[in-house]
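Engineer: Provided herewith: protein04.cif, mmCIF, C-alpha atoms.
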```
data_run
#
loop_
_atom_site.label_atom_id
_atom_site.label_comp_id
_atom_site.auth_asym_id
_atom_site.auth_seq_id
_atom_site.Cartn_x
_atom_site.Cartn_y
_atom_site.Cartn_z
CA MET A 1443 -6.62 3.95 24.98
CA SER A 1444 -9.66 3.93 27.24
CA GLY A 1445 -12.39 1.41 27.91
CA THR A 1446 -13.63 1.82 24.34
CA SER A 1447 -10.36 0.52 22.93
CA PRO A 1448 -10.66 -0.86 19.41
CA SER A 1449 -10.18 -4.52 18.60
CA ALA A 1450 -9.47 -6.47 15.45
CA ALA A 1451 -13.20 -7.19 15.20
CA THR A 1452 -14.16 -3.50 15.24
CA LEU A 1453 -11.26 -2.41 13.02
CA TYR A 1454 -12.12 -4.63 10.05
CA SER A 1455 -14.66 -2.11 8.78
CA ARG A 1456 -11.75 0.26 8.02
CA VAL A 1457 -10.20 -2.11 5.50
CA GLU A 1458 -13.06 -4.31 4.28
CA LYS A 1459 -12.80 -2.79 0.78
CA VAL A 1460 -9.15 -3.88 0.38
CA ILE A 1461 -8.82 -7.01 2.55
CA PRO A 1462 -11.19 -9.95 1.86
CA ALA A 1463 -13.12 -11.15 4.92
CA ILE A 1464 -11.70 -14.64 4.51
CA GLU A 1465 -8.19 -13.26 5.11
CA TRP A 1466 -9.02 -11.23 8.22
CA PRO A 1467 -8.71 -14.05 10.82
CA VAL A 1468 -5.05 -14.39 9.79
CA PHE A 1469 -4.43 -10.82 11.01
CA ALA A 1470 -6.80 -10.58 13.96
CA ASP A 1471 -4.71 -12.26 16.67
CA ASP A 1472 -1.63 -10.15 15.93
CA ILE A 1473 -3.69 -6.95 15.79
CA ASP A 1474 -5.27 -7.58 19.18
CA ALA A 1475 -1.87 -8.46 20.66
CA ILE A 1476 -0.26 -5.31 19.22
CA LEU A 1477 -3.04 -3.07 20.56
CA ARG A 1478 -2.56 -4.63 24.01
CA LEU A 1479 1.24 -4.36 23.89
CA LYS A 1480 1.08 -0.69 22.91
CA ARG A 1481 -0.95 0.04 26.04
CA GLU A 1482 1.31 -2.05 28.27
CA ARG A 1483 4.57 -0.56 26.94
CA ASN A 1484 3.40 3.02 26.39
CA ALA A 1485 4.34 2.60 22.73
CA VAL A 1486 3.30 4.19 19.45
CA ILE A 1487 3.63 2.89 15.91
CA LEU A 1488 4.73 5.21 13.12
CA ALA A 1489 3.84 3.80 9.70
CA HIS A 1490 4.88 4.98 6.27
CA ASN A 1491 2.33 5.29 3.46
CA TYR A 1492 3.79 2.19 1.79
CA GLN A 1493 2.82 -0.14 4.64
CA THR A 1494 0.07 -2.66 4.02
CA PRO A 1495 -3.50 -1.69 5.01
CA GLU A 1496 -3.73 -3.96 8.07
CA ILE A 1497 -0.72 -2.08 9.50
CA PHE A 1498 -1.53 1.38 8.14
CA HIS A 1499 -5.21 1.47 9.14
CA CYS A 1500 -5.40 -0.90 12.10
CA VAL A 1501 -2.34 -0.64 14.38
CA ALA A 1502 -0.52 2.56 13.37
CA ASP A 1503 -0.92 5.67 15.53
CA ILE A 1504 0.85 8.07 13.16
CA VAL A 1505 0.94 7.64 9.38
CA GLY A 1506 2.34 9.64 6.51
CA ASP A 1507 5.27 10.27 4.21
CA SER A 1508 8.86 10.73 5.37
CA LEU A 1509 8.37 14.41 6.14
CA ALA A 1510 5.19 13.88 8.14
CA LEU A 1511 6.74 11.06 10.14
CA ALA A 1512 9.83 13.17 10.86
CA ARG A 1513 7.72 16.09 12.07
CA LYS A 1514 5.32 14.00 14.13
CA ALA A 1515 8.12 11.95 15.70
CA MET A 1516 9.15 15.09 17.58
CA GLU A 1517 5.72 15.32 19.23
CA VAL A 1518 5.57 11.73 20.48
CA GLU A 1519 5.14 11.38 24.24
CA ALA A 1520 5.28 7.58 24.36
CA GLU A 1521 8.34 5.84 25.77
CA VAL A 1522 8.68 3.43 22.83
CA ILE A 1523 8.46 4.15 19.10
CA VAL A 1524 8.03 1.29 16.63
CA LEU A 1525 8.87 2.39 13.10
CA ALA A 1526 6.86 0.47 10.52
CA GLY A 1527 8.98 1.50 7.58
CA VAL A 1528 12.61 1.20 6.58
CA HIS A 1529 15.80 1.63 8.57
CA PHE A 1530 16.64 5.23 7.66
CA MET A 1531 13.20 6.26 8.95
CA ALA A 1532 13.85 4.51 12.26
CA GLU A 1533 17.21 6.29 12.50
CA THR A 1534 15.51 9.64 11.85
CA ALA A 1535 12.97 8.93 14.60
CA LYS A 1536 15.86 8.12 16.95
CA LEU A 1537 17.74 11.29 15.98
CA LEU A 1538 14.70 13.36 16.93
CA ASN A 1539 13.93 11.32 20.07
CA PRO A 1540 17.33 10.41 21.53
CA GLU A 1541 15.94 9.55 24.97
CA LYS A 1542 13.27 7.18 23.68
CA THR A 1543 13.51 3.53 22.66
CA VAL A 1544 13.08 3.21 18.90
CA LEU A 1545 12.47 -0.23 17.43
CA ILE A 1546 12.63 -1.44 13.82
CA PRO A 1547 10.77 -4.77 13.38
CA ASP A 1548 13.19 -6.08 10.71
CA LEU A 1549 16.82 -5.03 10.38
CA GLY A 1550 16.71 -6.06 6.72
CA ALA A 1551 14.24 -3.29 5.87
CA GLY A 1552 16.72 -1.13 3.98
CA CYS A 1553 16.56 1.18 0.96
CA SER A 1554 18.30 1.16 -2.42
CA LEU A 1555 18.77 4.93 -2.18
CA ALA A 1556 20.37 4.72 1.27
CA ASP A 1557 22.62 1.95 -0.02
CA SER A 1558 23.73 4.03 -3.01
CA ILE A 1559 25.93 6.48 -1.09
CA THR A 1560 28.43 6.47 1.79
CA PRO A 1561 29.84 9.19 4.05
CA GLU A 1562 33.09 8.92 2.09
CA ASP A 1563 31.21 9.68 -1.13
CA VAL A 1564 29.82 12.87 0.41
CA ARG A 1565 33.27 13.98 1.54
CA LEU A 1566 34.62 13.39 -1.96
CA MET A 1567 31.80 15.46 -3.45
CA ARG A 1568 32.68 18.30 -1.09
CA GLN A 1569 36.30 18.11 -2.24
CA ARG A 1570 35.23 18.20 -5.88
CA PHE A 1571 32.84 21.12 -5.36
CA PRO A 1572 34.30 23.17 -2.50
CA GLY A 1573 31.91 25.53 -0.80
CA VAL A 1574 28.78 24.08 -2.43
CA PRO A 1575 26.21 23.09 0.22
CA VAL A 1576 25.07 19.48 0.43
CA VAL A 1577 21.34 18.75 0.50
CA THR A 1578 20.73 15.14 1.46
CA TYR A 1579 17.49 13.27 0.93
CA VAL A 1580 16.16 11.70 4.12
CA ASN A 1581 16.40 8.32 2.34
CA THR A 1582 19.98 8.01 3.62
CA SER A 1583 21.80 6.66 6.65
CA ALA A 1584 22.44 8.80 9.70
CA ALA A 1585 26.14 8.64 8.83
CA VAL A 1586 25.45 10.29 5.46
CA LYS A 1587 23.16 12.87 7.04
CA ALA A 1588 25.99 13.75 9.40
CA GLU A 1589 28.14 14.77 6.42
CA SER A 1590 25.39 17.03 5.05
CA ASP A 1591 24.37 20.64 5.54
CA ILE A 1592 20.62 20.03 5.44
CA CYS A 1593 18.18 17.22 4.68
CA CYS A 1594 15.10 17.23 2.47
CA THR A 1595 12.21 14.98 1.54
CA SER A 1596 10.39 14.67 -1.77
CA GLY A 1597 7.70 16.88 -0.25
CA ASN A 1598 9.95 19.83 0.62
CA ALA A 1599 13.02 19.44 -1.63
CA LYS A 1600 12.38 22.55 -3.73
CA ALA A 1601 11.76 24.70 -0.65
CA VAL A 1602 14.92 23.39 1.03
CA VAL A 1603 17.09 23.98 -2.06
CA GLU A 1604 15.82 27.53 -2.48
CA SER A 1605 16.04 28.30 1.26
CA LEU A 1606 19.84 28.21 1.06
CA GLY A 1607 20.02 31.30 -1.15
CA VAL A 1608 22.91 29.98 -3.24
CA PRO A 1609 23.30 29.54 -7.03
CA ARG A 1610 24.01 25.81 -6.87
CA VAL A 1611 23.77 22.88 -4.50
CA ILE A 1612 24.81 19.24 -4.33
CA MET A 1613 21.69 17.08 -3.97
CA LEU A 1614 22.16 13.45 -2.90
CA PRO A 1615 21.55 10.61 -3.57
CA ASP A 1616 18.43 10.39 -5.82
CA GLU A 1617 19.37 11.42 -9.35
CA TYR A 1618 15.78 11.54 -10.60
CA LEU A 1619 14.48 13.58 -7.68
CA ALA A 1620 17.37 16.02 -8.24
CA GLN A 1621 16.56 16.28 -11.95
CA ASN A 1622 12.86 16.79 -11.28
CA ILE A 1623 13.58 19.53 -8.73
CA ALA A 1624 16.12 21.15 -11.08
CA ALA A 1625 13.31 21.56 -13.63
CA GLN A 1626 11.36 23.62 -11.08
CA THR A 1627 14.07 26.01 -9.84
CA ASP A 1628 16.80 28.32 -11.12
CA VAL A 1629 19.26 26.80 -8.65
CA GLU A 1630 21.85 24.59 -10.37
CA ILE A 1631 21.70 21.09 -8.90
CA ILE A 1632 24.62 18.68 -8.91
CA ALA A 1633 23.22 15.16 -8.65
CA TRP A 1634 24.36 11.70 -7.57
CA LYS A 1635 23.55 8.41 -9.34
CA GLY A 1636 21.27 6.82 -6.73
CA HIS A 1637 17.85 5.47 -7.76
CA CYS A 1638 14.82 4.02 -5.97
CA GLU A 1639 14.44 0.43 -7.10
CA VAL A 1640 10.65 0.81 -7.12
CA HIS A 1641 10.28 4.11 -8.98
CA GLU A 1642 13.08 3.64 -11.49
CA ARG A 1643 11.16 0.73 -13.05
CA PHE A 1644 8.29 2.90 -14.29
CA THR A 1645 8.54 4.07 -17.91
CA PRO A 1646 6.72 6.59 -20.14
CA ALA A 1647 5.38 3.61 -22.07
CA ASP A 1648 3.73 2.36 -18.86
CA ILE A 1649 1.87 5.66 -18.53
CA ARG A 1650 0.74 5.66 -22.16
CA GLU A 1651 -0.48 2.07 -21.88
CA LEU A 1652 -2.44 2.94 -18.73
CA ARG A 1653 -4.09 5.90 -20.47
CA GLU A 1654 -5.02 3.70 -23.44
CA ALA A 1655 -6.41 0.94 -21.26
CA HIS A 1656 -8.24 3.29 -18.88
CA PRO A 1657 -9.51 6.36 -20.77
CA GLY A 1658 -9.75 9.51 -18.69
CA VAL A 1659 -7.47 8.23 -15.94
CA THR A 1660 -5.62 10.86 -13.90
CA VAL A 1661 -1.94 9.95 -13.47
CA LEU A 1662 -0.08 10.97 -10.31
CA ALA A 1663 3.65 10.22 -10.15
CA HIS A 1664 6.25 10.29 -7.39
CA PRO A 1665 9.27 12.57 -8.07
CA GLU A 1666 11.63 9.61 -7.55
CA CYS A 1667 10.42 8.46 -10.98
CA PRO A 1668 12.54 9.32 -14.05
CA PRO A 1669 11.85 12.83 -15.41
CA GLU A 1670 10.36 11.43 -18.61
CA VAL A 1671 7.78 9.56 -16.47
CA VAL A 1672 6.98 12.71 -14.50
CA ALA A 1673 6.54 14.55 -17.81
CA GLU A 1674 3.86 12.04 -18.85
CA ALA A 1675 1.94 12.44 -15.58
CA ASP A 1676 -0.82 14.91 -14.74
CA PHE A 1677 0.71 15.67 -11.34
CA ALA A 1678 3.92 14.81 -9.50
CA GLY A 1679 4.44 14.97 -5.76
CA SER A 1680 5.30 13.17 -2.57
CA THR A 1681 3.04 10.42 -1.26
CA ALA A 1682 1.36 13.01 0.99
CA ALA A 1683 0.88 15.37 -1.97
CA MET A 1684 -0.63 12.57 -4.06
CA SER A 1685 -3.04 11.68 -1.27
CA ASP A 1686 -3.99 15.34 -0.86
CA TYR A 1687 -4.56 15.63 -4.63
CA VAL A 1688 -6.99 12.72 -4.61
CA GLY A 1689 -8.93 14.25 -1.72
CA ARG A 1690 -8.97 17.72 -3.25
CA GLU A 1691 -9.66 16.94 -6.92
CA LYS A 1692 -11.57 13.66 -6.50
CA PRO A 1693 -10.80 12.30 -9.98
CA ALA A 1694 -13.24 9.64 -11.15
CA ARG A 1695 -10.35 7.31 -12.04
CA VAL A 1696 -6.79 7.64 -10.81
CA VAL A 1697 -3.47 5.81 -10.89
CA LEU A 1698 -0.66 6.41 -8.40
CA ILE A 1699 2.74 5.80 -9.98
CA THR A 1700 4.48 4.65 -6.83
CA GLU A 1701 4.64 1.68 -4.46
CA CYS A 1702 1.72 -0.78 -4.45
CA SER A 1703 0.27 -0.28 -0.98
CA MET A 1704 -0.17 3.46 -1.46
CA SER A 1705 -3.27 2.91 -3.60
CA ASP A 1706 -4.78 0.47 -1.11
CA ASN A 1707 -4.29 2.88 1.77
CA VAL A 1708 -5.60 5.98 -0.02
CA SER A 1709 -8.55 4.16 -1.62
CA VAL A 1710 -10.00 3.28 1.79
CA GLY A 1711 -11.02 6.91 2.24
CA TYR A 1712 -12.48 7.33 -1.26
CA PRO A 1713 -14.76 4.38 -2.09
CA ASP A 1714 -16.31 6.24 -5.05
CA ILE A 1715 -12.98 6.74 -6.84
CA GLU A 1716 -11.68 3.99 -9.13
CA PHE A 1717 -8.02 3.25 -8.37
CA ILE A 1718 -5.99 1.60 -11.14
CA ARG A 1719 -3.15 -0.32 -9.52
CA PRO A 1720 0.15 -0.79 -11.35
CA CYS A 1721 2.02 -2.93 -8.88
CA ASN A 1722 5.66 -2.25 -8.12
CA LEU A 1723 6.39 -3.56 -4.64
CA CYS A 1724 9.11 -2.26 -2.33
CA PRO A 1725 10.72 -5.45 -0.99
CA HIS A 1726 12.10 -3.55 1.99
CA MET A 1727 8.79 -2.02 3.11
CA LYS A 1728 7.17 -5.43 2.76
CA ARG A 1729 9.60 -6.92 5.28
CA ILE A 1730 7.52 -5.18 7.96
CA THR A 1731 4.58 -7.36 9.02
CA LEU A 1732 2.10 -7.55 11.87
CA GLY A 1733 4.06 -10.54 13.13
CA ASN A 1734 7.37 -8.77 13.46
CA ILE A 1735 5.76 -5.60 14.84
CA ARG A 1736 4.29 -7.81 17.56
CA ALA A 1737 7.65 -9.49 18.15
CA ALA A 1738 9.36 -6.09 18.34
CA LEU A 1739 7.04 -5.05 21.17
CA GLU A 1740 7.17 -8.43 22.93
CA GLU A 1741 10.96 -8.86 22.74
CA ASN A 1742 12.14 -5.22 22.46
CA ARG A 1743 13.74 -5.82 19.09
CA HIS A 1744 15.49 -4.36 17.19
CA VAL A 1745 16.69 -1.35 19.17
CA VAL A 1746 18.01 1.46 16.95
CA THR A 1747 21.26 3.01 18.16
CA ILE A 1748 23.35 5.81 16.68
CA ASP A 1749 26.83 6.91 17.69
CA PRO A 1750 26.27 10.01 19.88
CA GLU A 1751 28.85 12.21 18.14
CA LEU A 1752 27.53 11.28 14.71
CA ALA A 1753 23.96 11.77 15.92
CA VAL A 1754 24.63 15.39 16.90
CA ARG A 1755 25.69 16.28 13.35
CA ALA A 1756 22.97 14.23 11.66
CA ARG A 1757 20.29 15.70 13.94
CA LEU A 1758 21.37 19.20 12.98
CA ALA A 1759 20.83 18.47 9.27
CA VAL A 1760 17.33 17.10 10.00
CA GLU A 1761 16.42 19.99 12.31
CA ARG A 1762 17.52 22.51 9.66
CA MET A 1763 15.14 20.80 7.25
CA LEU A 1764 12.25 20.91 9.71
CA ALA A 1765 12.86 24.63 10.27
CA VAL A 1766 12.30 25.42 6.56
#
```
Spell out the structure here as structure tokens.

Structural biologist:
Amino acid sequence: MSGTSPSAATLYSRVEKVIPAIEWPVFADDIDAILRLKRERNAVILAHNYQTPEIFHCVADIVGDSLALARKAMEVEAEVIVLAGVHFMAETAKLLNPEKTVLIPDLGAGCSLADSITPEDVRLMRQRFPGVPVVTYVNTSAAVKAESDICCTSGNAKAVVESLGVPRVIMLPDEYLAQNIAAQTDVEIIAWKGHCEVHERFTPADIRELREAHPGVTVLAHPECPPEVVAEADFAGSTAAMSDYVGREKPARVVLITECSMSDNVSVGYPDIEFIRPCNLCPHMKRITLGNIRAALEENRHVVTIDPELAVRARLAVERMLAV
């Protein structure tokens, strides 16, 4: 950053529609410290779409869904990467940047999907379905990725499945994502029983109640939601696809059936659109705060490490995905 570097005072205008002015002084000191520390340490912050607005709009350098963060991580020239997201995302950034320091502000920022499957589970699935390729969602540990043939995200899952040119695949670990992709392709998909603890809570009744309470609302759902929820929606797609839909179609009234902060972050760019906010929080994403991002940069915590032999195999699965 040059002599015109932003400060907390100048950045408030980005988020004034979603953060009350009375709350801003609570964030300002950490924001100014983080901006300074990034310059001093040659660091960048990668933030997922589910991060809160003061992180997403005020200290992050790169924002997006899992696929965007994975792609952009490869282009980072900074020496230090702080991943404002969950642990599997930090591992993916490290896989793609093995020579850089990657920090995760809170080691407890996990994921119910990543926790739902182990490397041993993948090996057992291979034994049960010999010769069937394994497509693994990026919402998994590096150890699980290492047992896979190729990774995918919610944004590219269909393209990845069809890129293999086979009649059936094993798709792990999100059962609902697998079912929603199976409805879009002729490839037979063998699923696992993992679920996202945020998206599995939405129901078709929720959608119908929202439509009744807010006539004319456009409903956008994440494909980690149950298929019957996706069927009730007007559009289903990754967080990036939902954001793109809002920008392209500009519905007068919209609801994003996904994690809470997504609506806050997207609404900043579209003040004329009414966002209805059904609030299902991801407790793991919300473990990341300005305070622990600052501490990560000040104290170099928590450094993400991956066993080198395991990393080689996991990196290959991610790189195959990025080549699709």

Engineer: Starting from the shown file, work through the PyMOL selection byres ((chain A and resi 1650) around 12) and note down what comes out as a list of chain:residue names.

Structural biologist: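 So the PyMOL selection byres ((chain A and resi 1650) around 12), applied here, picks out A:Phe1644, A:Thr1645, A:Pro1646, A:Ala1647, A:Asp1648, A:Ile1649, A:Glu1651, A:Leu1652, A:Arg1653, A:Glu1654, A:Ala1655, A:His1656, A:Pro1657, A:Gly1658, A:Val1659, A:Thr1660, A:Val1661, A:Glu1670, A:Val1671, A:Ala1673, A:Glu1674, A:Ala1675, A:Asp1676.
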
Engineer: Residues as selected, C-alpha atoms, written as a short mmCIF file (atom, residue, chain, number, x, y, z; two decimals), keeping the file's coordinate frame, can you do that?

Structural biologist:
```
data_model
loop_
_atom_site.label_atom_id
_atom_site.label_comp_id
_atom_site.auth_asym_id
_atom_site.auth_seq_id
_atom_site.Cartn_x
_atom_site.Cartn_y
_atom_site.Cartn_z
CA PHE A 1644 8.29 2.90 -14.29
CA THR A 1645 8.54 4.07 -17.91
CA PRO A 1646 6.72 6.59 -20.14
CA ALA A 1647 5.38 3.61 -22.07
CA ASP A 1648 3.73 2.36 -18.86
CA ILE A 1649 1.87 5.66 -18.53
CA GLU A 1651 -0.48 2.07 -21.88
CA LEU A 1652 -2.44 2.94 -18.73
CA ARG A 1653 -4.09 5.90 -20.47
CA GLU A 1654 -5.02 3.70 -23.44
CA ALA A 1655 -6.41 0.94 -21.26
CA HIS A 1656 -8.24 3.29 -18.88
CA PRO A 1657 -9.51 6.36 -20.77
CA GLY A 1658 -9.75 9.51 -18.69
CA VAL A 1659 -7.47 8.23 -15.94
CA THR A 1660 -5.62 10.86 -13.90
CA VAL A 1661 -1.94 9.95 -13.47
CA GLU A 1670 10.36 11.43 -18.61
CA VAL A 1671 7.78 9.56 -16.47
CA ALA A 1673 6.54 14.55 -17.81
CA GLU A 1674 3.86 12.04 -18.85
CA ALA A 1675 1.94 12.44 -15.58
CA ASP A 1676 -0.82 14.91 -14.74
#
```

Engineer: Can you turn the PyMOL selection byres ((chain A and resi 1617) around 9) into a concrete residue list for this file, as a CSV table (one decimal) with C-alpha atoms, in the frame of the given file?

Structural biologist:
```csv
chain,number,residue,atom,x,y,z
A,1613,MET,CA,21.7,17.1,-4.0
A,1614,LEU,CA,22.2,13.4,-2.9
A,1615,PRO,CA,21.6,10.6,-3.6
A,1616,ASP,CA,18.4,10.4,-5.8
A,1618,TYR,CA,15.8,11.5,-10.6
A,1619,LEU,CA,14.5,13.6,-7.7
A,1620,ALA,CA,17.4,16.0,-8.2
A,1621,GLN,CA,16.6,16.3,-12.0
A,1622,ASN,CA,12.9,16.8,-11.3
A,1632,ILE,CA,24.6,18.7,-8.9
A,1633,ALA,CA,23.2,15.2,-8.6
A,1634,TRP,CA,24.4,11.7,-7.6
A,1635,LYS,CA,23.6,8.4,-9.3
A,1636,GLY,CA,21.3,6.8,-6.7
A,1637,HIS,CA,17.8,5.5,-7.8
A,1666,GLU,CA,11.6,9.6,-7.6
A,1668,PRO,CA,12.5,9.3,-14.0
```

Engineer: I need the residue set behind the PyMOL selection byres ((chain A and resi 1521-1536) around 6) for this file; please write it as number ranges by chain.

Structural biologist: A: 1484-1490, 1515, 1520, 1537-1540, 1542-1546, 1551-1552, 1582-1583, 1727

Engineer: Which residue, A:Ile1476, A:Val1564, A:Cys1721, A:Val1603, has the smallest gap to A:Glu1589 when you use only C-alpha atoms?

Structural biologist: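 Of the candidates, the smallest distance to A:Glu1589 is held by A:Val1564.
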
Engineer: Using all atoms listed in the file, which residue out of A:His1499, A:Lys1587, A:Arg1565, A:Lys1480 lies closest to A:Val1760?

Structural biologist: A:Lys1587

Engineer: For A:Ala1512, which residue out of A:Ser1709, A:Ser1685, A:Thr1595, A:Ser1680 is the nearest one, using all atoms listed in the file?

Structural biologist: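 Ranking A:Ser1709, A:Ser1685, A:Thr1595, A:Ser1680 by distance to A:Ala1512, first place goes to A:Thr1595.
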
Engineer: Which residues come within 8 Å of A:Ile1497, counting only C-alpha atoms, excluding same-chain residues fewer than 5 positions away, as a compact mmCIF listing (two decimals) with C-alpha atoms, in the coordinates of the input?

Structural biologist:
```txt
# COMPACT_ATOMS: atom_id res chain seq x y z
CA ALA A 1489 3.84 3.80 9.70
CA ALA A 1502 -0.52 2.56 13.37
CA THR A 1731 4.58 -7.36 9.02
CA LEU A 1732 2.10 -7.55 11.87
```

Engineer: Hey, can you check how far atom CA of A:Leu1606 sits from atom CA of A:Ile1623?

Structural biologist: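 These atoms are spaced 14.5 Å apart.
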
Engineer: Go through stretch 1679-1702 of chain A and flag each residue having an atom no more than 10 Å from stretch 1491-1495 of chain A; for those, report the closest pair of atoms plus their distance in Å to one decimal, using only C-alpha atoms, ordered by chain and rising number, as a tab-separated table.

Structural biologist:
```
residue	atom	partner	partner_atom	distance
A:Thr1681	CA	A:Asn1491	CA	7.0
A:Ala1682	CA	A:Asn1491	CA	8.2
A:Ser1685	CA	A:Asn1491	CA	9.6
A:Thr1700	CA	A:Tyr1492	CA	9.0
A:Glu1701	CA	A:Tyr1492	CA	6.3
A:Cys1702	CA	A:Tyr1492	CA	7.2
```

Engineer: Near A:Asp1628, counting all atoms listed in the file, which residues have an atom at most 10 Å away, once you skip same-chain residues fewer than 2 positions from it, shown as JSON, numbers by chain?

Structural biologist: {"A": [1604, 1609, 1610, 1623, 1624, 1625, 1626, 1630, 1631]}

Engineer: Return the single residue from A:Leu1511, A:Glu1541, A:Gly1506, A:Glu1517 that is closest to A:Met1684, with distances computed using all atoms listed in the file.

Structural biologist: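 Answer, going by the shortest atom-to-atom distance: A:Gly1506.
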
Engineer: Which polymer residues have any atom within 7 Å of an atom of A:Ala1663, counting all atoms listed in the file, with same-chain residues fewer than 5 positions away left out, as a list in words?

Structural biologist: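 Final neighbour list, sorted by chain and number: Val1672, Ala1675, Phe1677, Ala1678, Gly1679, Leu1698, Ile1699 and Thr1700 of chain A.
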
Engineer: To one decimal place in Å, what is the distance between atom CA of A:Glu1496 and atom CA of A:Val1457?

Structural biologist: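 Atom CA of A:Val1457 lies 7.2 Å from atom CA of A:Glu1496.
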